[in-house]
Amino acid sequence: MQSNYVSDMSNDYFRFKKFTIHQAMCAMKVGTDGTLLGAWANGGKRVLDIGTGTGLIALMMAQRCPESTVVGIDIDEAAVRQARQNVEESVFAGRVSIECCDLADAEGEYDCLVSNPPYFVDSLSCPDAQRSMARHADTLTYNSLMENGWRLLSDRGEFSLIIPFDCKSRLESEAVLRGFFKTRECAVRTTPTKTPRRYLLAFRKHPEPLECSELIIGSDTYKEMMKDFYL
């Protein structure tokens, strides 16, 4: 695969097969976590991307689910402007909208929720306020994520997230307290011999047999997941 990343000193962007992600105004850039979630999550006809950032996951879900309408929300006004630009310049502009909105104020019912949430819980905040907002869970707590996720998810819908290994138990505890059942789990490893550093998790409102899998970054399975996106 050729490189998707382009920089010209004044700006930078990440080019995918069917859309381009400009990211100069966003604290959190395109990364493996977002692309993994966008390729792994089960879709639906109404999709909500919580903490959309650049709009990457929203656009990936629109590409994968041709009959879907996708809403991306974020509280960072600069990220919202950037995501709107990325959507407007894509072929999916008619089906994707971006809103500057706190999760607690979001409305509607969705059969697919996706989120790559802030992950630092107990660490010191970054001096860069925008980057701190994007990275620290005090701007979007796991409790709020699951409480509002339950409110916004349809009865048969699925809530998919990606989380660092050391945040997994805390997130799962909040999910259980809210009434969710974990139905899918994928352990993500950087090499076959290393312990998982990320987990892809999916929750539903009703119990189903748990599907467990494993993914190695760079493996044939990983390349198959990404073939419709990476150049």
# chains A, B, ... in the order shown; residues from 1 in each chain; ligands from 1
$ select_by_dssp --residues "chain A" --states "helix (DSSP H, G or I)" --output "tab-separated table (two decimals) with N, CA and C atoms, in the first residue's frame"
chain	number	residue	atom	x	y	z
A	32	THR	N	-4.62	4.91	13.97
A	32	THR	CA	-5.06	3.52	13.80
A	32	THR	C	-6.36	3.25	14.52
A	33	ASP	N	-6.55	3.84	15.71
A	33	ASP	CA	-7.76	3.57	16.49
A	33	ASP	C	-9.02	3.91	15.70
A	34	GLY	N	-9.05	5.10	15.13
A	34	GLY	CA	-10.24	5.52	14.40
A	34	GLY	C	-10.51	4.67	13.17
A	35	THR	N	-9.45	4.36	12.42
A	35	THR	CA	-9.65	3.54	11.22
A	35	THR	C	-10.09	2.12	11.58
A	36	LEU	N	-9.56	1.59	12.68
A	36	LEU	CA	-9.99	0.26	13.12
A	36	LEU	C	-11.47	0.24	13.45
A	37	LEU	N	-11.91	1.22	14.24
A	37	LEU	CA	-13.32	1.25	14.64
A	37	LEU	C	-14.23	1.45	13.43
A	38	GLY	N	-13.83	2.35	12.53
A	38	GLY	CA	-14.64	2.60	11.35
A	38	GLY	C	-14.79	1.39	10.46
A	39	ALA	N	-13.80	0.52	10.47
A	39	ALA	CA	-13.85	-0.69	9.64
A	39	ALA	C	-14.51	-1.86	10.35
A	40	TRP	N	-14.53	-1.85	11.68
A	40	TRP	CA	-15.00	-3.00	12.48
A	40	TRP	C	-16.46	-2.89	12.91
A	56	LEU	N	-13.62	11.33	10.46
A	56	LEU	CA	-13.11	10.11	9.84
A	56	LEU	C	-14.07	8.94	9.97
A	57	ILE	N	-14.47	8.62	11.20
A	57	ILE	CA	-15.31	7.43	11.42
A	57	ILE	C	-16.68	7.63	10.77
A	58	ALA	N	-17.21	8.84	10.85
A	58	ALA	CA	-18.50	9.12	10.22
A	58	ALA	C	-18.44	8.84	8.72
A	59	LEU	N	-17.37	9.26	8.07
A	59	LEU	CA	-17.23	9.04	6.63
A	59	LEU	C	-16.98	7.57	6.31
A	60	MET	N	-16.23	6.88	7.15
A	60	MET	CA	-16.04	5.44	6.94
A	60	MET	C	-17.35	4.68	7.04
A	61	MET	N	-18.18	5.05	8.01
A	61	MET	CA	-19.47	4.38	8.17
A	61	MET	C	-20.39	4.69	6.99
A	62	ALA	N	-20.32	5.92	6.49
A	62	ALA	CA	-21.14	6.27	5.32
A	62	ALA	C	-20.70	5.46	4.11
A	63	GLN	N	-19.40	5.25	3.95
A	63	GLN	CA	-18.90	4.46	2.83
A	63	GLN	C	-19.33	3.00	2.95
A	64	ARG	N	-19.25	2.46	4.15
A	64	ARG	CA	-19.56	1.05	4.35
A	64	ARG	C	-21.05	0.76	4.33
A	77	GLU	N	-15.40	23.22	18.62
A	77	GLU	CA	-15.90	23.97	17.47
A	77	GLU	C	-14.93	23.90	16.28
A	78	ALA	N	-13.63	23.92	16.55
A	78	ALA	CA	-12.66	23.85	15.46
A	78	ALA	C	-12.73	22.50	14.76
A	79	ALA	N	-12.87	21.44	15.56
A	79	ALA	CA	-12.99	20.10	14.97
A	79	ALA	C	-14.26	19.99	14.14
A	80	VAL	N	-15.34	20.59	14.61
A	80	VAL	CA	-16.60	20.57	13.87
A	80	VAL	C	-16.44	21.26	12.51
A	81	ARG	N	-15.76	22.40	12.50
A	81	ARG	CA	-15.53	23.10	11.22
A	81	ARG	C	-14.70	22.23	10.28
A	82	GLN	N	-13.68	21.56	10.83
A	82	GLN	CA	-12.84	20.70	10.01
A	82	GLN	C	-13.62	19.51	9.48
A	83	ALA	N	-14.40	18.89	10.35
A	83	ALA	CA	-15.19	17.73	9.93
A	83	ALA	C	-16.21	18.11	8.85
A	84	ARG	N	-16.82	19.27	9.00
A	84	ARG	CA	-17.79	19.72	7.99
A	84	ARG	C	-17.10	19.91	6.65
A	85	GLN	N	-15.89	20.48	6.65
A	85	GLN	CA	-15.14	20.63	5.41
A	85	GLN	C	-14.88	19.27	4.78
A	86	ASN	N	-14.44	18.31	5.60
A	86	ASN	CA	-14.15	16.98	5.07
A	86	ASN	C	-15.39	16.32	4.48
A	87	VAL	N	-16.53	16.50	5.15
A	87	VAL	CA	-17.77	15.92	4.65
A	87	VAL	C	-18.21	16.61	3.36
A	88	GLU	N	-18.18	17.95	3.36
A	88	GLU	CA	-18.64	18.71	2.20
A	88	GLU	C	-17.83	18.40	0.95
A	103	LEU	N	-22.90	15.46	24.04
A	103	LEU	CA	-23.62	14.19	23.98
A	103	LEU	C	-24.92	14.23	24.78
A	104	ALA	N	-24.91	14.91	25.91
A	104	ALA	CA	-26.11	14.99	26.75
A	104	ALA	C	-27.26	15.71	26.06
A	105	ASP	N	-26.93	16.54	25.07
A	105	ASP	CA	-27.96	17.29	24.35
A	105	ASP	C	-28.37	16.64	23.04
A	129	ALA	N	-5.27	23.17	25.53
A	129	ALA	CA	-6.66	22.95	25.94
A	129	ALA	C	-7.43	22.10	24.95
A	130	GLN	N	-7.23	22.33	23.64
A	130	GLN	CA	-7.95	21.56	22.62
A	130	GLN	C	-7.54	20.10	22.67
A	131	ARG	N	-6.24	19.85	22.77
A	131	ARG	CA	-5.76	18.47	22.81
A	131	ARG	C	-6.20	17.78	24.10
A	132	SER	N	-6.20	18.53	25.21
A	132	SER	CA	-6.66	17.96	26.48
A	132	SER	C	-8.12	17.56	26.41
A	133	MET	N	-8.94	18.40	25.76
A	133	MET	CA	-10.37	18.10	25.60
A	133	MET	C	-10.56	16.81	24.83
A	134	ALA	N	-9.76	16.61	23.80
A	134	ALA	CA	-9.90	15.44	22.94
A	134	ALA	C	-9.42	14.16	23.62
A	135	ARG	N	-8.45	14.29	24.55
A	135	ARG	CA	-7.80	13.10	25.09
A	135	ARG	C	-8.28	12.70	26.48
A	142	TYR	N	-17.04	8.00	31.05
A	142	TYR	CA	-17.59	6.71	30.64
A	142	TYR	C	-19.02	6.55	31.14
A	143	ASN	N	-19.32	7.13	32.30
A	143	ASN	CA	-20.68	7.09	32.82
A	143	ASN	C	-21.64	7.81	31.89
A	144	SER	N	-21.25	9.02	31.45
A	144	SER	CA	-22.08	9.79	30.53
A	144	SER	C	-22.20	9.09	29.18
A	145	LEU	N	-21.09	8.50	28.74
A	145	LEU	CA	-21.09	7.80	27.46
A	145	LEU	C	-22.11	6.67	27.45
A	146	MET	N	-22.14	5.89	28.51
A	146	MET	CA	-23.05	4.75	28.56
A	146	MET	C	-24.49	5.17	28.89
A	147	GLU	N	-24.64	6.17	29.75
A	147	GLU	CA	-25.98	6.65	30.08
A	147	GLU	C	-26.68	7.22	28.85
A	148	ASN	N	-25.98	8.07	28.12
A	148	ASN	CA	-26.59	8.67	26.94
A	148	ASN	C	-26.61	7.70	25.77
A	149	GLY	N	-25.64	6.79	25.72
A	149	GLY	CA	-25.67	5.75	24.71
A	149	GLY	C	-26.93	4.91	24.83
A	150	TRP	N	-27.29	4.56	26.05
A	150	TRP	CA	-28.52	3.79	26.28
A	150	TRP	C	-29.74	4.57	25.81
A	151	ARG	N	-29.76	5.86	26.09
A	151	ARG	CA	-30.89	6.72	25.73
A	151	ARG	C	-31.04	6.85	24.21
A	152	LEU	N	-29.93	6.90	23.49
A	152	LEU	CA	-29.96	7.17	22.05
A	152	LEU	C	-30.01	5.91	21.19
A	165	PHE	N	-6.32	-0.89	26.59
A	165	PHE	CA	-6.46	-2.08	27.43
A	165	PHE	C	-6.66	-1.72	28.90
A	166	ASP	N	-6.02	-0.64	29.37
A	166	ASP	CA	-6.10	-0.32	30.79
A	166	ASP	C	-7.37	0.46	31.16
A	167	CYS	N	-8.20	0.78	30.16
A	167	CYS	CA	-9.49	1.43	30.43
A	167	CYS	C	-10.66	0.46	30.24
A	168	LYS	N	-10.36	-0.73	29.78
A	168	LYS	CA	-11.40	-1.69	29.39
A	168	LYS	C	-12.33	-2.04	30.55
A	169	SER	N	-11.77	-2.39	31.70
A	169	SER	CA	-12.61	-2.84	32.81
A	169	SER	C	-13.50	-1.71	33.33
A	170	ARG	N	-12.98	-0.48	33.32
A	170	ARG	CA	-13.78	0.65	33.79
A	170	ARG	C	-14.95	0.93	32.85
A	171	LEU	N	-14.69	0.88	31.57
A	171	LEU	CA	-15.76	1.10	30.60
A	171	LEU	C	-16.80	-0.02	30.68
A	172	GLU	N	-16.34	-1.25	30.77
A	172	GLU	CA	-17.27	-2.38	30.85
A	172	GLU	C	-18.12	-2.31	32.11
A	173	SER	N	-17.56	-1.85	33.22
A	173	SER	CA	-18.33	-1.71	34.46
A	173	SER	C	-19.45	-0.70	34.29
A	174	GLU	N	-19.14	0.42	33.64
A	174	GLU	CA	-20.18	1.43	33.41
A	174	GLU	C	-21.26	0.90	32.47
A	175	ALA	N	-20.85	0.10	31.49
A	175	ALA	CA	-21.82	-0.48	30.57
A	175	ALA	C	-22.78	-1.42	31.29
A	176	VAL	N	-22.23	-2.26	32.15
A	176	VAL	CA	-23.06	-3.21	32.90
A	176	VAL	C	-24.01	-2.48	33.83
A	177	LEU	N	-23.52	-1.44	34.51
A	177	LEU	CA	-24.37	-0.67	35.42
A	177	LEU	C	-25.53	-0.03	34.67
A	178	ARG	N	-25.32	0.33	33.43
A	178	ARG	CA	-26.37	0.96	32.65
A	178	ARG	C	-27.35	-0.06	32.10
A	220	ASP	N	-2.74	-10.16	7.41
A	220	ASP	CA	-3.61	-10.28	6.24
A	220	ASP	C	-5.05	-9.91	6.59
A	221	THR	N	-5.50	-10.28	7.78
A	221	THR	CA	-6.85	-9.93	8.21
A	221	THR	C	-7.02	-8.43	8.31
A	222	TYR	N	-6.01	-7.77	8.88
A	222	TYR	CA	-6.02	-6.31	9.00
A	222	TYR	C	-6.06	-5.66	7.61
A	223	LYS	N	-5.23	-6.15	6.70
A	223	LYS	CA	-5.19	-5.58	5.34
A	223	LYS	C	-6.52	-5.78	4.62
A	224	GLU	N	-7.17	-6.91	4.87
A	224	GLU	CA	-8.48	-7.17	4.27
A	224	GLU	C	-9.51	-6.17	4.80
A	225	MET	N	-9.45	-5.88	6.12
A	225	MET	CA	-10.37	-4.91	6.72
A	225	MET	C	-10.21	-3.53	6.10
A	226	MET	N	-8.98	-3.17	5.78
A	226	MET	CA	-8.67	-1.82	5.34
A	226	MET	C	-8.61	-1.63	3.83
$ closest_residue --among "A:Ile98, A:Leu140, A:Ala24, A:Ala41" --to "Leu200 (chain A)" --atoms "only C-alpha atoms"
A:Ala41
$ residues_around --residues "Glu214 (chain A)" --least-positions-apart "3" --cutoff "6 Å" --atoms "only C-alpha atoms" --output "ChimeraX atom specification"
/A:186-188
$ write_last_selection --atoms "all heavy atoms" --output "CSV table (one decimal), in the first residue's frame"
chain,number,residue,atom,x,y,z
A,186,CYS,N,-12.9,-7.6,20.3
A,186,CYS,CA,-11.7,-7.9,19.5
A,186,CYS,C,-10.5,-7.3,20.2
A,186,CYS,O,-10.4,-6.1,20.3
A,186,CYS,CB,-11.9,-7.3,18.1
A,186,CYS,SG,-10.5,-7.6,17.0
A,187,ALA,N,-9.5,-8.2,20.5
A,187,ALA,CA,-8.2,-7.8,21.1
A,187,ALA,C,-7.3,-7.4,20.0
A,187,ALA,O,-7.1,-8.1,19.0
A,187,ALA,CB,-7.6,-8.9,21.9
A,188,VAL,N,-6.7,-6.2,20.0
A,188,VAL,CA,-5.9,-5.7,19.0
A,188,VAL,C,-4.4,-5.7,19.5
A,188,VAL,O,-4.1,-5.1,20.5
A,188,VAL,CB,-6.3,-4.2,18.6
A,188,VAL,CG1,-5.3,-3.7,17.5
A,188,VAL,CG2,-7.7,-4.2,18.2
$ closest_residue --among "A:Ser115, A:Thr69, A:Thr141, A:Thr54" --to "Phe159 (chain A)" --atoms "only C-alpha atoms"
A:Ser115
$ atom_distance --atom1 "CA of Arg95 (chain A)" --atom2 "CA of Pro117 (chain A)"
23.1 Å
$ closest_residue --among "A:Ile163, A:Cys65, A:Ile50, A:Val91" --to "Thr20 (chain A)" --atoms "only C-alpha atoms"
A:Val91
$ atom_distance --atom1 "CA of Leu153 (chain A)" --atom2 "CA of Arg46 (chain A)"
9.9 Å
$ decode --residues "region 48-65 of chain A" --atoms "N, CA, C and O atoms" --output "tab-separated table (two decimals), in the first residue's frame"
chain	number	residue	atom	x	y	z
A	48	LEU	N	-24.73	7.30	14.64
A	48	LEU	CA	-24.25	8.45	15.40
A	48	LEU	C	-22.80	8.22	15.79
A	48	LEU	O	-22.48	7.24	16.45
A	49	ASP	N	-21.93	9.14	15.36
A	49	ASP	CA	-20.50	9.10	15.70
A	49	ASP	C	-20.26	10.10	16.83
A	49	ASP	O	-20.33	11.31	16.61
A	50	ILE	N	-19.98	9.59	18.02
A	50	ILE	CA	-19.84	10.41	19.22
A	50	ILE	C	-18.38	10.85	19.37
A	50	ILE	O	-17.49	10.01	19.53
A	51	GLY	N	-18.15	12.18	19.35
A	51	GLY	CA	-16.79	12.70	19.40
A	51	GLY	C	-16.13	12.54	18.05
A	51	GLY	O	-15.05	11.97	17.92
A	52	THR	N	-16.75	13.08	17.02
A	52	THR	CA	-16.37	12.77	15.64
A	52	THR	C	-15.00	13.30	15.23
A	52	THR	O	-14.37	12.76	14.33
A	53	GLY	N	-14.50	14.37	15.89
A	53	GLY	CA	-13.18	14.88	15.54
A	53	GLY	C	-13.11	15.33	14.08
A	53	GLY	O	-13.86	16.20	13.64
A	54	THR	N	-12.23	14.71	13.31
A	54	THR	CA	-12.07	15.04	11.89
A	54	THR	C	-13.23	14.59	11.03
A	54	THR	O	-13.33	14.96	9.86
A	55	GLY	N	-14.11	13.75	11.57
A	55	GLY	CA	-15.19	13.15	10.78
A	55	GLY	C	-14.80	11.84	10.13
A	55	GLY	O	-15.58	11.26	9.36
A	56	LEU	N	-13.62	11.33	10.46
A	56	LEU	CA	-13.11	10.11	9.84
A	56	LEU	C	-14.07	8.94	9.97
A	56	LEU	O	-14.45	8.30	8.98
A	57	ILE	N	-14.47	8.62	11.20
A	57	ILE	CA	-15.31	7.43	11.42
A	57	ILE	C	-16.68	7.63	10.77
A	57	ILE	O	-17.24	6.70	10.18
A	58	ALA	N	-17.21	8.84	10.85
A	58	ALA	CA	-18.50	9.12	10.22
A	58	ALA	C	-18.44	8.84	8.72
A	58	ALA	O	-19.35	8.23	8.15
A	59	LEU	N	-17.37	9.26	8.07
A	59	LEU	CA	-17.23	9.04	6.63
A	59	LEU	C	-16.98	7.57	6.31
A	59	LEU	O	-17.50	7.05	5.31
A	60	MET	N	-16.23	6.88	7.15
A	60	MET	CA	-16.04	5.44	6.94
A	60	MET	C	-17.35	4.68	7.04
A	60	MET	O	-17.63	3.79	6.24
A	61	MET	N	-18.18	5.05	8.01
A	61	MET	CA	-19.47	4.38	8.17
A	61	MET	C	-20.39	4.69	6.99
A	61	MET	O	-21.13	3.82	6.52
A	62	ALA	N	-20.32	5.92	6.49
A	62	ALA	CA	-21.14	6.27	5.32
A	62	ALA	C	-20.70	5.46	4.11
A	62	ALA	O	-21.54	5.01	3.31
A	63	GLN	N	-19.40	5.25	3.95
A	63	GLN	CA	-18.90	4.46	2.83
A	63	GLN	C	-19.33	3.00	2.95
A	63	GLN	O	-19.74	2.38	1.96
A	64	ARG	N	-19.25	2.46	4.15
A	64	ARG	CA	-19.56	1.05	4.35
A	64	ARG	C	-21.05	0.76	4.33
A	64	ARG	O	-21.46	-0.38	4.06
A	65	CYS	N	-21.87	1.74	4.64
A	65	CYS	CA	-23.33	1.53	4.76
A	65	CYS	C	-24.03	2.48	3.77
A	65	CYS	O	-24.45	3.59	4.16
